file coords28.csv (CSV, C-alpha atoms and all ligand atoms)
chain,number,residue,atom,x,y,z
A,1,MET,CA,0.0,0.0,0.0
A,2,SER,CA,1.3,3.5,-0.8
A,3,GLU,CA,2.2,5.9,1.9
A,4,ALA,CA,1.2,9.6,2.3
A,5,VAL,CA,3.8,12.1,3.3
A,6,CYS,CA,2.9,15.0,5.6
A,7,THR,CA,4.5,18.3,4.7
A,8,THR,CA,3.3,20.3,7.7
A,9,CYS,CA,6.5,20.1,9.7
A,10,PRO,CA,10.1,19.0,8.9
A,11,ARG,CA,9.5,15.5,10.3
A,12,HIS,CA,7.8,14.7,7.0
A,13,CYS,CA,6.1,11.6,8.4
A,14,ARG,CA,5.4,8.9,5.9
A,15,LEU,CA,2.1,7.3,6.8
A,16,ALA,CA,0.2,4.2,5.8
A,17,GLU,CA,-3.5,4.7,5.3
A,18,GLY,CA,-5.1,5.3,8.7
A,19,ALA,CA,-1.8,5.8,10.6
A,20,PHE,CA,-1.2,8.9,12.8
A,21,GLY,CA,2.0,11.0,12.5
A,22,ALA,CA,4.5,11.5,15.3
A,23,CYS,CA,2.5,14.5,16.5
A,24,ARG,CA,-0.6,12.3,17.0
A,25,ALA,CA,-2.7,15.1,15.5
A,26,ARG,CA,-2.5,14.2,11.8
A,27,ARG,CA,-3.6,11.0,10.1
A,28,ALA,CA,-3.4,9.5,6.6
A,29,GLN,CA,-6.9,9.5,5.1
A,30,ASN,CA,-7.8,8.7,1.5
A,31,GLY,CA,-4.1,8.9,0.4
A,32,ARG,CA,-3.3,12.3,2.0
A,33,VAL,CA,-2.4,13.5,5.5
A,34,ALA,CA,-5.2,15.4,7.2
A,35,CYS,CA,-5.7,17.3,10.5
A,36,ALA,CA,-7.2,14.7,12.9
A,37,ASN,CA,-7.6,17.1,15.8
A,38,TYR,CA,-9.7,19.6,13.8
A,39,GLY,CA,-12.2,21.2,16.2
A,40,ARG,CA,-11.2,18.9,19.1
A,41,ILE,CA,-10.8,21.2,22.1
A,42,THR,CA,-9.0,20.0,25.2
A,43,SER,CA,-8.6,23.3,27.0
A,44,MET,CA,-10.3,26.7,27.0
A,45,ALA,CA,-9.8,29.7,29.2
A,46,LEU,CA,-10.0,33.5,29.1
A,47,ASP,CA,-6.4,34.2,30.0
A,48,PRO,CA,-4.6,37.5,30.5
A,49,ILE,CA,-2.5,38.1,27.3
A,50,GLU,CA,0.5,38.4,29.6
A,51,LYS,CA,0.1,34.7,30.4
A,52,LYS,CA,1.0,33.6,26.8
A,53,PRO,CA,3.5,35.3,27.5
A,54,ILE,CA,3.0,38.4,25.4
A,55,ALA,CA,4.0,41.6,27.2
A,56,PHE,CA,3.8,44.4,24.6
A,57,PHE,CA,0.5,43.8,22.7
A,58,HIS,CA,-2.7,45.1,24.3
A,59,PRO,CA,-1.4,44.7,27.9
A,60,GLY,CA,-4.1,44.1,30.5
A,61,ARG,CA,-6.5,42.6,28.1
A,62,PRO,CA,-7.8,39.0,28.2
A,63,VAL,CA,-7.8,36.6,25.2
A,64,LEU,CA,-9.9,33.5,24.7
A,65,SER,CA,-7.3,30.7,24.7
A,66,ILE,CA,-7.9,27.3,23.2
A,67,GLY,CA,-5.9,24.2,22.7
A,68,SER,CA,-6.3,20.7,21.3
A,69,TYR,CA,-3.9,17.7,21.6
A,70,GLY,CA,-0.7,16.7,20.0
A,71,CYS,CA,2.8,18.1,19.3
A,72,ASN,CA,5.6,17.4,16.9
A,73,LEU,CA,8.3,17.9,19.5
A,74,ARG,CA,9.4,15.7,22.4
A,75,CYS,CA,10.8,18.2,24.9
A,76,PRO,CA,11.7,16.2,28.1
A,77,PHE,CA,10.7,19.3,30.1
A,78,CYS,CA,7.2,19.8,28.5
A,79,GLN,CA,4.9,21.9,30.7
A,80,ASN,CA,1.8,20.7,28.9
A,81,ASP,CA,2.5,17.0,28.4
A,82,ALA,CA,-1.0,15.9,29.5
A,83,ILE,CA,-2.4,17.2,26.2
A,84,SER,CA,0.7,17.7,24.0
A,85,GLN,CA,2.0,14.2,24.2
A,86,HIS,CA,-1.4,12.4,23.7
A,87,GLY,CA,-3.7,11.7,20.9
A,88,GLU,CA,-7.4,11.1,20.1
A,89,GLY,CA,-9.1,8.9,22.7
A,90,GLU,CA,-6.3,9.5,25.3
A,91,VAL,CA,-7.6,12.9,26.4
A,92,ALA,CA,-11.0,14.3,26.9
A,93,THR,CA,-12.2,16.7,24.1
A,94,ASP,CA,-15.2,18.8,23.2
A,95,SER,CA,-16.1,19.6,19.7
A,96,ALA,CA,-16.3,23.2,18.4
A,97,THR,CA,-16.5,24.8,15.0
A,98,PRO,CA,-14.5,27.9,14.0
A,99,SER,CA,-17.8,29.7,13.8
A,100,GLU,CA,-18.9,28.7,17.3
A,101,LEU,CA,-15.6,29.7,18.8
A,102,SER,CA,-15.5,33.0,17.0
A,103,ASP,CA,-19.1,33.8,18.2
A,104,LEU,CA,-18.0,33.0,21.7
A,105,ALA,CA,-14.9,35.2,21.3
A,106,GLN,CA,-17.2,38.0,20.1
A,107,ARG,CA,-19.6,37.7,23.0
A,108,LEU,CA,-16.6,37.8,25.4
A,109,ALA,CA,-15.2,40.8,23.6
A,110,ARG,CA,-18.5,42.7,24.4
A,111,GLU,CA,-18.8,41.4,28.0
A,112,ARG,CA,-15.2,41.0,29.2
A,113,GLY,CA,-12.9,43.0,26.7
A,114,ASN,CA,-11.7,39.8,25.0
A,115,LEU,CA,-9.1,40.5,22.3
A,116,GLY,CA,-9.9,37.4,20.1
A,117,ILE,CA,-8.6,33.9,20.1
A,118,ALA,CA,-5.2,32.6,21.1
A,119,TYR,CA,-4.1,29.2,19.7
A,120,THR,CA,-2.0,27.7,22.5
A,121,TYR,CA,-1.6,24.9,25.1
A,122,ASN,CA,-0.6,22.1,22.7
A,123,GLU,CA,1.2,22.8,19.5
A,124,PRO,CA,-1.3,24.7,17.3
A,125,LEU,CA,0.6,24.3,14.0
A,126,VAL,CA,0.1,20.5,13.9
A,127,GLY,CA,-3.6,21.4,13.4
A,128,TRP,CA,-2.9,24.5,11.3
A,129,GLU,CA,-6.0,24.1,9.1
A,130,PHE,CA,-8.2,24.7,12.2
A,131,VAL,CA,-6.1,27.7,13.2
A,132,ARG,CA,-6.5,29.1,9.6
A,133,ASP,CA,-10.3,28.6,9.6
A,134,CYS,CA,-10.8,30.1,13.1
A,135,ALA,CA,-8.5,33.0,12.3
A,136,ARG,CA,-10.5,33.9,9.2
A,137,GLU,CA,-13.7,33.9,11.2
A,138,VAL,CA,-12.1,35.9,14.1
A,139,HIS,CA,-10.9,38.6,11.7
A,140,ALA,CA,-14.3,38.7,10.0
A,141,ARG,CA,-15.7,39.7,13.4
A,142,GLY,CA,-13.1,42.5,13.9
A,143,LEU,CA,-11.1,40.5,16.5
A,144,LEU,CA,-7.5,39.5,16.8
A,145,ASN,CA,-5.5,36.2,16.5
A,146,VAL,CA,-2.7,35.2,18.8
A,147,LEU,CA,-0.4,32.2,18.1
A,148,VAL,CA,1.7,30.5,20.8
A,149,SER,CA,3.9,27.9,19.1
A,150,ASN,CA,7.2,26.1,18.9
A,151,GLY,CA,7.5,27.4,15.3
A,152,VAL,CA,8.7,24.1,13.9
A,153,ALA,CA,6.6,24.0,10.7
A,154,GLU,CA,7.3,24.1,7.0
A,155,ALA,CA,7.3,27.5,5.3
A,156,SER,CA,4.2,26.7,3.3
A,157,VAL,CA,2.2,26.5,6.6
A,158,THR,CA,3.6,29.6,8.3
A,159,GLU,CA,3.4,31.7,5.1
A,160,GLU,CA,-0.3,30.8,4.7
A,161,LEU,CA,-1.0,31.7,8.4
A,162,ALA,CA,1.2,34.7,8.8
A,163,PRO,CA,-1.3,37.3,7.3
A,164,LEU,CA,-4.0,36.0,9.7
A,165,ILE,CA,-1.9,36.2,12.9
A,166,ASP,CA,-1.7,39.5,14.8
A,167,ALA,CA,0.6,38.6,17.6
A,168,ALA,CA,2.7,35.5,18.5
A,169,ASN,CA,5.0,34.1,21.0
A,170,ILE,CA,7.3,31.6,19.4
A,171,ASP,CA,9.7,29.4,21.5
A,172,LEU,CA,13.3,29.5,20.5
A,173,LYS,CA,14.3,26.7,22.7
A,174,GLY,CA,18.0,26.7,22.2
A,175,PRO,CA,20.8,28.2,20.0
A,176,SER,CA,21.5,25.4,17.7
A,177,GLN,CA,20.4,22.2,15.9
A,178,ASP,CA,22.3,20.3,18.6
A,179,PHE,CA,19.8,21.6,21.2
A,180,TYR,CA,16.9,20.9,18.8
A,181,ASP,CA,18.1,17.3,18.3
A,182,TRP,CA,17.5,16.8,22.0
A,183,VAL,CA,13.9,18.0,21.7
A,184,GLY,CA,13.2,16.4,18.3
A,185,GLY,CA,12.9,19.6,16.4
A,186,ASP,CA,14.3,21.7,13.6
A,187,PHE,CA,16.2,24.8,14.6
A,188,ALA,CA,16.2,26.4,11.2
A,189,ALA,CA,12.4,26.0,10.9
A,190,ALA,CA,11.8,27.7,14.3
A,191,CYS,CA,14.1,30.6,13.2
A,192,ARG,CA,12.4,30.8,9.8
A,193,THR,CA,8.9,31.0,11.5
A,194,ILE,CA,10.0,34.0,13.6
A,195,LYS,CA,11.3,35.8,10.5
A,196,THR,CA,8.2,35.0,8.4
A,197,LEU,CA,5.8,36.2,11.1
A,198,HIS,CA,7.8,39.4,11.7
A,199,ALA,CA,8.1,40.1,8.0
A,200,ALA,CA,4.3,39.8,7.7
A,201,GLY,CA,3.8,42.6,10.3
A,202,CYS,CA,2.8,40.3,13.2
A,203,HIS,CA,3.8,41.4,16.7
A,204,VAL,CA,6.4,38.7,17.6
A,205,GLU,CA,7.7,37.9,21.0
A,206,VAL,CA,10.1,35.0,21.8
A,207,THR,CA,10.5,32.7,24.8
A,208,THR,CA,13.6,30.7,25.8
A,209,LEU,CA,13.3,28.4,28.8
A,210,VAL,CA,16.7,28.1,30.5
A,211,VAL,CA,17.4,24.5,31.3
A,212,PRO,CA,20.4,23.9,33.6
A,213,GLY,CA,23.3,22.2,31.8
A,214,ARG,CA,21.6,22.4,28.4
A,215,ASN,CA,21.3,26.1,27.3
A,216,ASP,CA,22.4,28.1,30.3
A,217,ALA,CA,25.8,29.3,29.0
A,218,GLU,CA,26.1,33.0,28.3
A,219,ALA,CA,27.1,32.0,24.7
A,220,ASP,CA,23.8,30.2,24.3
A,221,ILE,CA,21.6,33.2,25.1
A,222,ASP,CA,23.9,35.5,23.3
A,223,ALA,CA,23.5,33.5,20.1
A,224,ILE,CA,19.7,33.6,20.5
A,225,ALA,CA,19.7,37.4,21.2
A,226,SER,CA,22.1,38.0,18.3
A,227,PHE,CA,19.8,36.1,15.9
A,228,LEU,CA,16.7,38.1,17.1
A,229,ALA,CA,18.6,41.4,16.9
A,230,SER,CA,19.5,40.6,13.3
A,231,ILE,CA,15.7,40.7,12.6
A,232,SER,CA,14.9,43.6,15.0
A,233,PRO,CA,16.4,44.6,18.4
A,234,ASP,CA,12.8,45.5,19.4
A,235,ILE,CA,11.7,41.8,19.4
A,236,PRO,CA,10.8,41.1,23.1
A,237,LEU,CA,12.6,38.1,24.6
A,238,HIS,CA,11.2,36.2,27.6
A,239,VAL,CA,14.0,34.4,29.5
A,240,THR,CA,12.2,31.9,31.7
A,241,ARG,CA,13.1,29.7,34.6
A,242,PHE,CA,12.9,25.9,34.3
A,243,PHE,CA,11.1,23.8,36.9
A,244,PRO,CA,11.3,19.9,36.9
A,245,ARG,CA,8.4,18.5,34.8
A,246,PHE,CA,7.5,15.5,32.6
A,247,ARG,CA,10.7,13.5,32.0
A,248,LEU,CA,13.1,16.0,33.4
A,249,LEU,CA,12.5,15.5,37.1
A,250,ASP,CA,16.1,15.0,38.1
A,251,VAL,CA,17.3,18.5,37.1
A,252,PRO,CA,16.9,21.2,39.7
A,253,PRO,CA,15.1,24.5,39.0
A,254,THR,CA,17.2,27.1,37.2
A,255,PRO,CA,18.8,29.4,39.8
A,256,VAL,CA,17.1,32.8,39.7
A,257,ALA,CA,20.5,34.5,39.6
A,258,THR,CA,21.3,32.5,36.4
A,259,VAL,CA,18.1,33.6,34.7
A,260,ARG,CA,18.8,37.3,35.6
A,261,ARG,CA,22.4,37.1,34.5
A,262,LEU,CA,21.4,35.6,31.1
A,263,ALA,CA,18.7,38.3,30.7
A,264,ASP,CA,21.4,40.9,31.2
A,265,VAL,CA,23.5,39.2,28.5
A,266,ALA,CA,20.5,39.3,26.1
A,267,ARG,CA,20.0,43.0,26.9
A,268,THR,CA,23.3,43.8,25.3
A,269,ARG,CA,21.6,43.1,22.0
A,270,LEU,CA,17.9,43.5,22.6
A,271,ARG,CA,15.9,46.4,24.0
A,272,ARG,CA,13.1,44.4,25.6
A,273,VAL,CA,14.1,41.4,27.7
A,274,LEU,CA,11.9,40.0,30.5
A,275,VAL,CA,12.5,37.2,33.0
A,276,GLY,CA,9.8,34.7,33.7
A,277,ASN,CA,8.9,32.2,36.4
A,278,CYS,CA,11.2,34.0,38.9
B,301,LIG,S1,2.9,17.6,11.5
B,301,LIG,FE1,2.7,15.6,12.6
B,301,LIG,S2,2.3,14.1,10.9
B,301,LIG,FE2,3.0,16.0,10.0
B,301,LIG,S3,5.2,15.7,9.7
B,301,LIG,FE3,5.0,16.8,11.6
B,301,LIG,S4,4.9,15.2,13.2
B,301,LIG,FE4,4.5,14.2,11.2
call {"tool": "encode", "arguments": {"input": "coords28.csv", "output": "structure tokens"}}
result
Amino acid sequence: MSEAVCTTCPRHCRLAEGAFGACRARRAQNGRVACANYGRITSMALDPIEKKPIAFFHPGRPVLSIGSYGCNLRCPFCQNDAISQHGEGEVATDSATPSELSDLAQRLARERGNLGIAYTYNEPLVGWEFVRDCAREVHARGLLNVLVSNGVAEASVTEELAPLIDAANIDLKGPSQDFYDWVGGDFAAACRTIKTLHAAGCHVEVTTLVVPGRNDAEADIDAIASFLASISPDIPLHVTRFFPRFRLLDVPPTPVATVRRLADVARTRLRRVLVGNC
């Protein structure tokens, strides 16, 4: 039997009919790979936008935040493994259409000052068709779209979504492919997504979680800050503190002093650097 190849992310999973990809969110159906988590909602909350974290885009306003299941990365320190590392049938879901969610966002805009919809919690780009369809409906209602993502997707996906996304927080998890080999990702793709969104006029912020012994050298954060500064020194960078989670329970929390010192290193290249989880 022939295989279908997924072109959503650099893993390029080759799938027999009916099989799920490594992200558990996409499945081969009728000879092509389709979004299996379309409209399957595991998490929904009206969060402050600062929680995404996004600090410099409509501060103080809430955003209706939704997530599904699945992720194309395997970060041992995942903070959301209960939904990101599971598939259909392994986690409770509700069904919702883009129109229903956009109507809810509009009602919350009237009643609570909601900005729009944030696609977050699991990795939204493994279900990018749902993000696209929601984002169109959200814009049609005069509201805003926020993407919180690892950015590890092919250019065809991010280029299609970029005009629909108003603000984003993209993880840049480490400074090299070596680091991304550890988490099962593609460094160049994450960098390209940041560039693509920024070039499209999206407000882009970036987060780096500092994991002791993995990316806590000054040269690591300097390389990340240098890359971001080459796009714009105004890109905000969130340097955040690691706490033991998921499969990385034997590593102690990042010392607060380390996070602050690395933030100071980043400030030599970027104008807006924040510390998180401290
Ligand atoms: S999006 Fe999922 S199915 Fe597609 S290549 Fe990536 S991991 Fe594989």
call {"tool": "atom_distance", "arguments": {"input": "coords28.csv", "atom1": "CA of Phe77 (chain A)", "atom2": "CA of Pro244 (chain A)"}}
result
6.9 Å
call {"tool": "residues_near_ligand", "arguments": {"input": "coords28.csv", "ligand": "ligand LIG 301 (chain B)", "cutoff": "10 Å", "atoms": "all atoms listed in the file", "output": "number ranges by chain"}}
result
A: 4-15, 19-28, 33-36, 70-73, 123, 125-128, 152-154, 184-185
call {"tool": "write_last_selection", "arguments": {"input": "coords28.csv", "atoms": "C-alpha atoms", "output": "PDB file, in the frame of the given file"}}
result
ATOM      1  CA  ALA A   4       1.200   9.600   2.300  1.00  0.00           C
ATOM      2  CA  VAL A   5       3.800  12.100   3.300  1.00  0.00           C
ATOM      3  CA  CYS A   6       2.900  15.000   5.600  1.00  0.00           C
ATOM      4  CA  THR A   7       4.500  18.300   4.700  1.00  0.00           C
ATOM      5  CA  THR A   8       3.300  20.300   7.700  1.00  0.00           C
ATOM      6  CA  CYS A   9       6.500  20.100   9.700  1.00  0.00           C
ATOM      7  CA  PRO A  10      10.100  19.000   8.900  1.00  0.00           C
ATOM      8  CA  ARG A  11       9.500  15.500  10.300  1.00  0.00           C
ATOM      9  CA  HIS A  12       7.800  14.700   7.000  1.00  0.00           C
ATOM     10  CA  CYS A  13       6.100  11.600   8.400  1.00  0.00           C
ATOM     11  CA  ARG A  14       5.400   8.900   5.900  1.00  0.00           C
ATOM     12  CA  LEU A  15       2.100   7.300   6.800  1.00  0.00           C
ATOM     13  CA  ALA A  19      -1.800   5.800  10.600  1.00  0.00           C
ATOM     14  CA  PHE A  20      -1.200   8.900  12.800  1.00  0.00           C
ATOM     15  CA  GLY A  21       2.000  11.000  12.500  1.00  0.00           C
ATOM     16  CA  ALA A  22       4.500  11.500  15.300  1.00  0.00           C
ATOM     17  CA  CYS A  23       2.500  14.500  16.500  1.00  0.00           C
ATOM     18  CA  ARG A  24      -0.600  12.300  17.000  1.00  0.00           C
ATOM     19  CA  ALA A  25      -2.700  15.100  15.500  1.00  0.00           C
ATOM     20  CA  ARG A  26      -2.500  14.200  11.800  1.00  0.00           C
ATOM     21  CA  ARG A  27      -3.600  11.000  10.100  1.00  0.00           C
ATOM     22  CA  ALA A  28      -3.400   9.500   6.600  1.00  0.00           C
ATOM     23  CA  VAL A  33      -2.400  13.500   5.500  1.00  0.00           C
ATOM     24  CA  ALA A  34      -5.200  15.400   7.200  1.00  0.00           C
ATOM     25  CA  CYS A  35      -5.700  17.300  10.500  1.00  0.00           C
ATOM     26  CA  ALA A  36      -7.200  14.700  12.900  1.00  0.00           C
ATOM     27  CA  GLY A  70      -0.700  16.700  20.000  1.00  0.00           C
ATOM     28  CA  CYS A  71       2.800  18.100  19.300  1.00  0.00           C
ATOM     29  CA  ASN A  72       5.600  17.400  16.900  1.00  0.00           C
ATOM     30  CA  LEU A  73       8.300  17.900  19.500  1.00  0.00           C
ATOM     31  CA  GLU A 123       1.200  22.800  19.500  1.00  0.00           C
ATOM     32  CA  LEU A 125       0.600  24.300  14.000  1.00  0.00           C
ATOM     33  CA  VAL A 126       0.100  20.500  13.900  1.00  0.00           C
ATOM     34  CA  GLY A 127      -3.600  21.400  13.400  1.00  0.00           C
ATOM     35  CA  TRP A 128      -2.900  24.500  11.300  1.00  0.00           C
ATOM     36  CA  VAL A 152       8.700  24.100  13.900  1.00  0.00           C
ATOM     37  CA  ALA A 153       6.600  24.000  10.700  1.00  0.00           C
ATOM     38  CA  GLU A 154       7.300  24.100   7.000  1.00  0.00           C
ATOM     39  CA  GLY A 184      13.200  16.400  18.300  1.00  0.00           C
ATOM     40  CA  GLY A 185      12.900  19.600  16.400  1.00  0.00           C
TER      41      GLY A 185
END
call {"tool": "closest_residue", "arguments": {"input": "coords28.csv", "among": "A:Ala105, A:Ala257, A:Ile66, A:Ile231", "to": "Ala118 (chain A)", "atoms": "only C-alpha atoms"}}
result
A:Ile66
call {"tool": "residues_around", "arguments": {"input": "coords28.csv", "residues": "region 226-228 of chain A", "least_positions_apart": "4", "cutoff": "8 Å", "atoms": "all atoms listed in the file", "output": "list in words"}}
result
Asp222, Ser232, Pro233, Ile235, Arg269 and Leu270 of chain A
call {"tool": "closest_residue", "arguments": {"input": "coords28.csv", "among": "A:Val211, A:Ala109, A:Ala219, A:Glu159", "to": "Lys195 (chain A)", "atoms": "all atoms listed in the file"}}
result
A:Glu159
call {"tool": "residues_around", "arguments": {"input": "coords28.csv", "residues": "region 91-97 of chain A", "least_positions_apart": "5", "cutoff": "9 Å", "atoms": "all atoms listed in the file", "output": "JSON list (two decimals) with C-alpha atoms, in the frame of the given file"}}
result
[["chain", "number", "residue", "atom", "x", "y", "z"],
["A", 38, "TYR", "CA", -9.70, 19.60, 13.80],
["A", 39, "GLY", "CA", -12.20, 21.20, 16.20],
["A", 40, "ARG", "CA", -11.20, 18.90, 19.10],
["A", 41, "ILE", "CA", -10.80, 21.20, 22.10],
["A", 42, "THR", "CA", -9.00, 20.00, 25.20],
["A", 43, "SER", "CA", -8.60, 23.30, 27.00],
["A", 68, "SER", "CA", -6.30, 20.70, 21.30],
["A", 69, "TYR", "CA", -3.90, 17.70, 21.60],
["A", 82, "ALA", "CA", -1.00, 15.90, 29.50],
["A", 83, "ILE", "CA", -2.40, 17.20, 26.20],
["A", 86, "HIS", "CA", -1.40, 12.40, 23.70],
["A", 102, "SER", "CA", -15.50, 33.00, 17.00],
["A", 130, "PHE", "CA", -8.20, 24.70, 12.20],
["A", 134, "CYS", "CA", -10.80, 30.10, 13.10]]
call {"tool": "atom_distance", "arguments": {"input": "coords28.csv", "atom1": "CA of Phe57 (chain A)", "atom2": "CA of Ser156 (chain A)"}}
result
26.1 Å
call {"tool": "atom_distance", "arguments": {"input": "coords28.csv", "atom1": "CA of Thr207 (chain A)", "atom2": "CA of Ile170 (chain A)"}}
result
6.4 Å
call {"tool": "residues_around", "arguments": {"input": "coords28.csv", "residues": "Asp133 (chain A)", "least_positions_apart": "5", "cutoff": "9 Å", "atoms": "all atoms listed in the file", "output": "JSON, numbers by chain"}}
result
{"A": [98, 99, 128, 138]}
call {"tool": "residues_near_point", "arguments": {"input": "coords28.csv", "point": "(-9.6, 40.7, 25.2)", "cutoff": "8 Å", "atoms": "only C-alpha atoms", "output": "PyMOL selection string"}}
result
chain A and resi 48-49+61-64+108-109+112-116
call {"tool": "write_last_selection", "arguments": {"input": "coords28.csv", "atoms": "C-alpha atoms", "output": "tab-separated table (two decimals), in the coordinates of the input"}}
result
chain	number	residue	atom	x	y	z
A	48	PRO	CA	-4.60	37.50	30.50
A	49	ILE	CA	-2.50	38.10	27.30
A	61	ARG	CA	-6.50	42.60	28.10
A	62	PRO	CA	-7.80	39.00	28.20
A	63	VAL	CA	-7.80	36.60	25.20
A	64	LEU	CA	-9.90	33.50	24.70
A	108	LEU	CA	-16.60	37.80	25.40
A	109	ALA	CA	-15.20	40.80	23.60
A	112	ARG	CA	-15.20	41.00	29.20
A	113	GLY	CA	-12.90	43.00	26.70
A	114	ASN	CA	-11.70	39.80	25.00
A	115	LEU	CA	-9.10	40.50	22.30
A	116	GLY	CA	-9.90	37.40	20.10
call {"tool": "closest_residue", "arguments": {"input": "coords28.csv", "among": "A:Ala45, A:Pro236, A:Asn37, A:Ser65", "to": "Ser84 (chain A)", "atoms": "all atoms listed in the file"}}
result
A:Asn37
